[in-house]
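Quick notes on the structure that follows.
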Amino acid sequence: MDFDFSDEQDQLRDAVRKWVDKAYSFDRRRAIASDGGFSIEAYRELAELGLCGLYVPEAMGGLGMGPVEGMVVMEEMGRGIVLEPLTQAMIAGAVLSNYAPEPLAAQWGPKIAGGERLVALAYLERAARYRLDTCATEAQQQDGGWVLTGSKSLVANGDTCDAFLVSATLDGKVAMFLVERGATGVGTRGYGTLDGARAAELHLDKAAAQLISRDGLNALEHAVDVGIACSCAEAIGVMEKTLALTVDYMNTRKQFGVVISSFQALRHRVADMKMQLELARSMSYYASLKLNAPAPERRAAMARAKYQSGQSMRFVGQQAIQLHGGIGVTDEYAVSHYFKKLTQLELTWGDSLHQLGEVSSRMQDTAGVFA
Amino acid sequence: MDLAFTPEEQQFRTKIRAWVAENLPPQIAHKVHNALHLSRDDMQRWAKILGKNGWLGHGWPKEFGGPGWNSVQKHLFEEECALAGAPRVVPFGPVMVAPVIMAFGSAEQQARFLPGIASGEVWWSQGYSEPGSGSDLASLKTKAERRGDKYIVNGQKTWTTLGQYGEWIFCLVRTSNEGKPQTGISFLLIDMQSPGVTVRPIVLLDGSVEVNEVFFDNVEVPANNLIGEENKGWTYAKHLLSHERTNIADVNRAKRELERLKRIAKAEGVYDDVRFRDEIAKLEVDVVALEMMVLRVLAAEKSGKQSLDIAGLLKIRGSEIQQRYSELMMLAAGPYALPLIHEAMEAGWQGDVVGALHCAPLASTYFNLRKTTIYGGSNEVQRNIVSQVVLG
């Protein structure tokens with residue numbers, strides 16, 4: 001048992017943090033958000049740091065790193081509330097290298113790692129909410145290949161990405177496919193999301209697809225679990241910065257002739273925020289350290305971690321706004337943007353109520369970190 | 001980073017598990033697993049079994065006869081004991097006063113007191129709180145006046161846990177009124193058989209007696225029972241509080257009690273009620289998160305590479321969780337938690353049960369555990385400390 005970071009992991013963190021501090025200022029972020037919520041330049045900068053290929057094997061031009069490195073990177077992304085969807089690159093790297101036929105993985109892996117191609121997971125459907133085994137999109141064989149028909153929601157960067165990982169029903173089971181955005185029969189309708197980033201509705205009408213795996217539910221669950229671990233880590237960075245902003249404000253803002261950090265009612269609120277942050281950090285470690293566990297153990301761990309993360313994010317975000325007072329709900333001041341990011345993360349990859357249901361239905365007689 | 005225990009640690013756990021299975025009397029485990037009343041004899045019997053194997057002071061270094069385990073080994077030992085249904089070791093001797101005697105006592109004091117603590121022969125109590133000094137402990141007034149080679153002690157301690165069994169008591173006493181309140185406090189060991197010591201039980205809300213008032217009326221205490229220097233007692237007491245910070249979170253017991261909660265919920269027919277079951281699920285996440293937090297602190301202590309500022313959080317969270325599982329157990333029983341039949345909380349009771357036998361102690365435990373957010377520095381005091389770290 002060991003929760004120290006290696007020297008290499010510390011160096012990785014420093015490199016990412018430096019980029020966030022120097023290259024991803026709040027002003028740049030604001031400009032990207034008002035310009036559609038995605039900057040290909042910023043995304044390429046992440047690729048130059050090697051981050052887009054974090055989960056792409058070295059043989060395919062990636063870094064072939066593990067969940068702890070992924071966690072370190074995502075914490076820093078959270079600190080800067082970076083809009084560019086690094087999580088999608090992690091998911092694509094993990095899914096293609098673990099489930100796709102070798103030629104397909106070899107075709108896409110290097111381009112994902114290099115930041116030349118952005119591949120986004122398209123799995124949510126209107127009737128399914130967060131359920132992964134409910135999938136109305138259907139796959140059919142046509143001319144020796146595959147075509148997909150159906151609709152997906154909330155696809156990250158759906159109208160700016162190059163391809164999609166799409167879940168579709170094949171012979172009554174969920175299978176996983178790759179669909180290029182430029183293919184015939186693909187339509188997207190893009191929109192901004194509440195964190196300032198971008199998503200799209202995806203419509204597939206006999207769109208040409210390549211089969212990644214008939215074992216699509218396992219691939220999809222793995223993909224979502226990478227998303228959950230990334231989200232739990234990102235949340236730590238967001239909450240740390242949210243708490244730091246709040247502490248700075250409380251130590252500066254004066255009312256009744258004294259700084260508001262002198263009021264015990266408010267100080268205890270900060271202690272409770274610190275509690276929620278550390279519980280979430282503990283469970284983010286847990287999520288990342290369980291990401292390579294056998295599927296049932298991994299799934300149970302992710303549900304626990306995401307539930308804690310969701311609870312913590314909502315508390316920290318709401319309290320941060322309250323402790324800031326009126327300035328907290330303005331667009332001008334940074335904390336509202338962190339609050340929106342926390343809200344976005346809670347509702348992504350299964351919200352707290354959904355995850356509680358997952359925990360509840362998986363409960364065994366014993367429980368603990370190792371059970 | 002690695003979540004797994006090392007192969008050596010896993011072997012260590014296996015060894016402890018086998019030893020506990022062999023040595024923990026089943027009658028005692030039965031009582032613990034069912035929250036039945038533990039007598040003084042039960043507690044001391046287990047203490048002596050541990051003591052005989054050199055494990056009552058399981059946190060002690062080798063030079064004082066302890067096993068010299070690291071933080072992770074200590075945790076594994078505590079976990080195996082807790083899950084098997086061992087009673088919690090009464091901490092006042094081996095966990096609280098012994099480290100102070102080791103760090104600040106004289107060689108003579110170490111030779112005189114440590115063997116009786118290590119073997120479980122001598123029952124120690126804690127004399128800290130006073131009627132006017134709870135969270136504000138440094139305001140304590142119990143006075144010790146030096147007269148020749150003796151101190152004359154006058155005053156009153158309260159909330160002395162299991163003091164009705166106490167043979168010795170370690171006390172914080174006032175030896176000076178000069179300077180800050182903290183600087184006039186001394187750490188004194190007092191024989192509770194001394195003339196002038198009176199113990200009066202405090203009956204608690206469930207009718208049980210767990211804590212006591214201890215009165216000192218011109219009690220003569222040999223001056224060589226003073227630990228370290230006069231007026232330095234506050235420093236020694238803080239050393240004591242910094243010890244065993246993960247212990248107070250009691251996560252191992254929480255894991256065991258979560259299992260019991262599930263058994264009770266199933267027996268009472270509420271486990272399949274989604275509303276109730278989800279409350280258990282929330283608690284399960286709380287317990288896992290607390291365990292991860294405890295493991296982080298232990299790992300940091302073991303590696304020494306990072307200093308964590310989260311130990312204060314463990315007490316707050318651990319105590320809240322203790323209260324929550326006792327609350328949910330009571331709610332699981334519903335109306336059958338209402339009868340207050342003290343005899344039904346004794347092992348082997350043959351009377352007619354109301355509802356089920358497991359229902360009998362639930363409300364009593366719920367009442368008893370209200371103490372957890374009050375003692376050891378109330379949770380509000382802990383929040384003051386945490387906010388000081390965060391806000392400056």
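Following the order of the structure tokens, first chain is A, next is B, and so on, with residues numbered from 1 inside each chain and ligands from 1 in the order they appear.
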What residues in chain A lie within 9 Å of chain B, counting only C-alpha atoms, written as a PyMOL selection string?
chain A and resi 1-6+68+244+247-248+250-251+261+264+267-272+274-275+278-283+285-286+289-290+304-305+307-308+356-357+359-361+363-370
Keeping only C-alpha atoms, take the residues you just selected and write them out as a PDB file, in the first residue's frame.
```pdb
ATOM      1  CA  MET A   1       0.000   0.000   0.000  1.00  0.00           C
ATOM      2  CA  ASP A   2       1.457   3.241  -1.153  1.00  0.00           C
ATOM      3  CA  PHE A   3      -0.131   6.569  -2.049  1.00  0.00           C
ATOM      4  CA  ASP A   4       3.005   8.485  -2.911  1.00  0.00           C
ATOM      5  CA  PHE A   5       3.581   9.707  -6.444  1.00  0.00           C
ATOM      6  CA  SER A   6       6.745   8.624  -8.236  1.00  0.00           C
ATOM      7  CA  VAL A  68      -2.379   7.017 -11.914  1.00  0.00           C
ATOM      8  CA  ALA A 244      -8.572  28.141  -2.870  1.00  0.00           C
ATOM      9  CA  VAL A 247     -10.256  30.958   1.009  1.00  0.00           C
ATOM     10  CA  ASP A 248      -8.634  33.928  -0.772  1.00  0.00           C
ATOM     11  CA  MET A 250     -12.778  35.101   2.729  1.00  0.00           C
ATOM     12  CA  ASN A 251      -9.384  36.370   3.822  1.00  0.00           C
ATOM     13  CA  SER A 261     -12.895  34.459   7.516  1.00  0.00           C
ATOM     14  CA  GLN A 264     -16.981  30.783  12.994  1.00  0.00           C
ATOM     15  CA  ARG A 267     -15.082  28.788   9.093  1.00  0.00           C
ATOM     16  CA  HIS A 268     -16.951  25.587   9.866  1.00  0.00           C
ATOM     17  CA  ARG A 269     -18.418  25.632   6.375  1.00  0.00           C
ATOM     18  CA  VAL A 270     -14.854  25.716   5.028  1.00  0.00           C
ATOM     19  CA  ALA A 271     -13.897  22.776   7.271  1.00  0.00           C
ATOM     20  CA  ASP A 272     -16.825  20.852   5.780  1.00  0.00           C
ATOM     21  CA  LYS A 274     -12.198  20.447   3.092  1.00  0.00           C
ATOM     22  CA  MET A 275     -13.817  17.246   4.375  1.00  0.00           C
ATOM     23  CA  GLU A 278     -10.541  14.913   0.944  1.00  0.00           C
ATOM     24  CA  LEU A 279     -13.252  12.248   0.851  1.00  0.00           C
ATOM     25  CA  ALA A 280     -13.495  12.800  -2.894  1.00  0.00           C
ATOM     26  CA  ARG A 281      -9.713  12.709  -3.284  1.00  0.00           C
ATOM     27  CA  SER A 282      -9.565   9.442  -1.351  1.00  0.00           C
ATOM     28  CA  MET A 283     -12.218   7.981  -3.645  1.00  0.00           C
ATOM     29  CA  TYR A 285      -7.384   7.437  -5.760  1.00  0.00           C
ATOM     30  CA  TYR A 286      -9.610   4.432  -5.212  1.00  0.00           C
ATOM     31  CA  LEU A 289      -6.288   2.256  -8.527  1.00  0.00           C
ATOM     32  CA  LYS A 290      -9.265   0.002  -9.359  1.00  0.00           C
ATOM     33  CA  ARG A 304     -18.847   4.185  -5.155  1.00  0.00           C
ATOM     34  CA  ALA A 305     -16.261   6.709  -6.307  1.00  0.00           C
ATOM     35  CA  TYR A 307     -21.277   8.780  -5.917  1.00  0.00           C
ATOM     36  CA  GLN A 308     -18.810  10.313  -3.464  1.00  0.00           C
ATOM     37  CA  LEU A 356     -26.321   5.302  -5.532  1.00  0.00           C
ATOM     38  CA  GLY A 357     -28.615   2.853  -7.277  1.00  0.00           C
ATOM     39  CA  VAL A 359     -23.968   0.838  -5.259  1.00  0.00           C
ATOM     40  CA  SER A 360     -27.231  -0.270  -3.700  1.00  0.00           C
ATOM     41  CA  SER A 361     -27.893  -3.050  -6.206  1.00  0.00           C
ATOM     42  CA  MET A 363     -24.138  -4.500  -2.140  1.00  0.00           C
ATOM     43  CA  GLN A 364     -22.699  -7.636  -0.583  1.00  0.00           C
ATOM     44  CA  ASP A 365     -22.712  -8.863   3.014  1.00  0.00           C
ATOM     45  CA  THR A 366     -19.288  -7.330   3.602  1.00  0.00           C
ATOM     46  CA  ALA A 367     -17.861  -4.070   2.351  1.00  0.00           C
ATOM     47  CA  GLY A 368     -14.652  -2.125   2.374  1.00  0.00           C
ATOM     48  CA  VAL A 369     -11.831  -0.971   0.149  1.00  0.00           C
ATOM     49  CA  PHE A 370     -10.840  -4.586  -0.449  1.00  0.00           C
TER      50      PHE A 370
END
```
For Val221 (chain B), find every residue with an atom within 8 Å (counting only C-alpha atoms), except residues of its own chain fewer than 6 positions away, and show them as an mmCIF file with C-alpha atoms, in the first residue's frame.
```cif
data_model
loop_
_atom_site.group_PDB
_atom_site.id
_atom_site.type_symbol
_atom_site.label_atom_id
_atom_site.label_comp_id
_atom_site.auth_asym_id
_atom_site.auth_seq_id
_atom_site.Cartn_x
_atom_site.Cartn_y
_atom_site.Cartn_z
ATOM 1 C CA LYS B 150 4.094 14.790 48.180
ATOM 2 C CA TYR B 151 1.384 16.534 46.226
ATOM 3 C CA ILE B 152 -1.910 17.254 47.920
ATOM 4 C CA VAL B 153 -4.657 16.959 45.311
ATOM 5 C CA ILE B 190 -2.660 8.728 41.106
ATOM 6 C CA ASP B 191 -3.430 5.453 42.871
#
```
Write out as a VMD selection string all residues of region 203-293 of chain B that backbone DSSP assigns to alpha helix (DSSP H).
chain B and resid 233 to 242 251 to 267 274 to 293
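With only C-alpha atoms taken into account, the protein and nucleic acid residues at most 8 Å from Gly150 (chain A) (excluding it and anything under 3 positions from it in its own chain) are Ala136, Thr137, Glu138, His203, Leu204 and Asp205 of chain A.
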From region 72-247 of chain B, collect each residue whose DSSP state is strand (DSSP E or B) and return the set as a PyMOL selection string.
chain B and resi 124-127+130+133+143-147+150-161+168-174+185-191+197-203+209-222+226-227
Would you mind reading off the distance between CA of Asn225 (chain B) and CA of Cys171 (chain B), one decimal, in Å?
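Computing it gives 10.7 Å between the two atoms.
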Between B:Asn379, B:Asn231, B:Ser319, B:Gln109, single out the one closest to Pro181 (chain B), counting only C-alpha atoms.
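Closest residue, counting only C-alpha atoms: B:Asn231.
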Could you state the separation of CA of Leu104 (chain A) and CA of Asp143 (chain A) in Å, given to one decimal place?
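Going from CA of Leu104 (chain A) over to CA of Asp143 (chain A), I get 19.1 Å.
Once region 76-85 of chain B and its same-chain neighbours fewer than 2 positions away are set aside, Arg17, Ala29, Val32, His33, Gln73, Lys74, Asn252, Arg253 and Arg256 of chain B remain within 6 Å of it when counting only C-alpha atoms.
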Region 120-134 of chain B surroundings by only C-alpha atoms, 7 Å radius, close-in-sequence under 5 positions cut, as number ranges by chain:
B: 44, 47-48, 51, 92-93, 139-140, 156-161, 163, 165-172
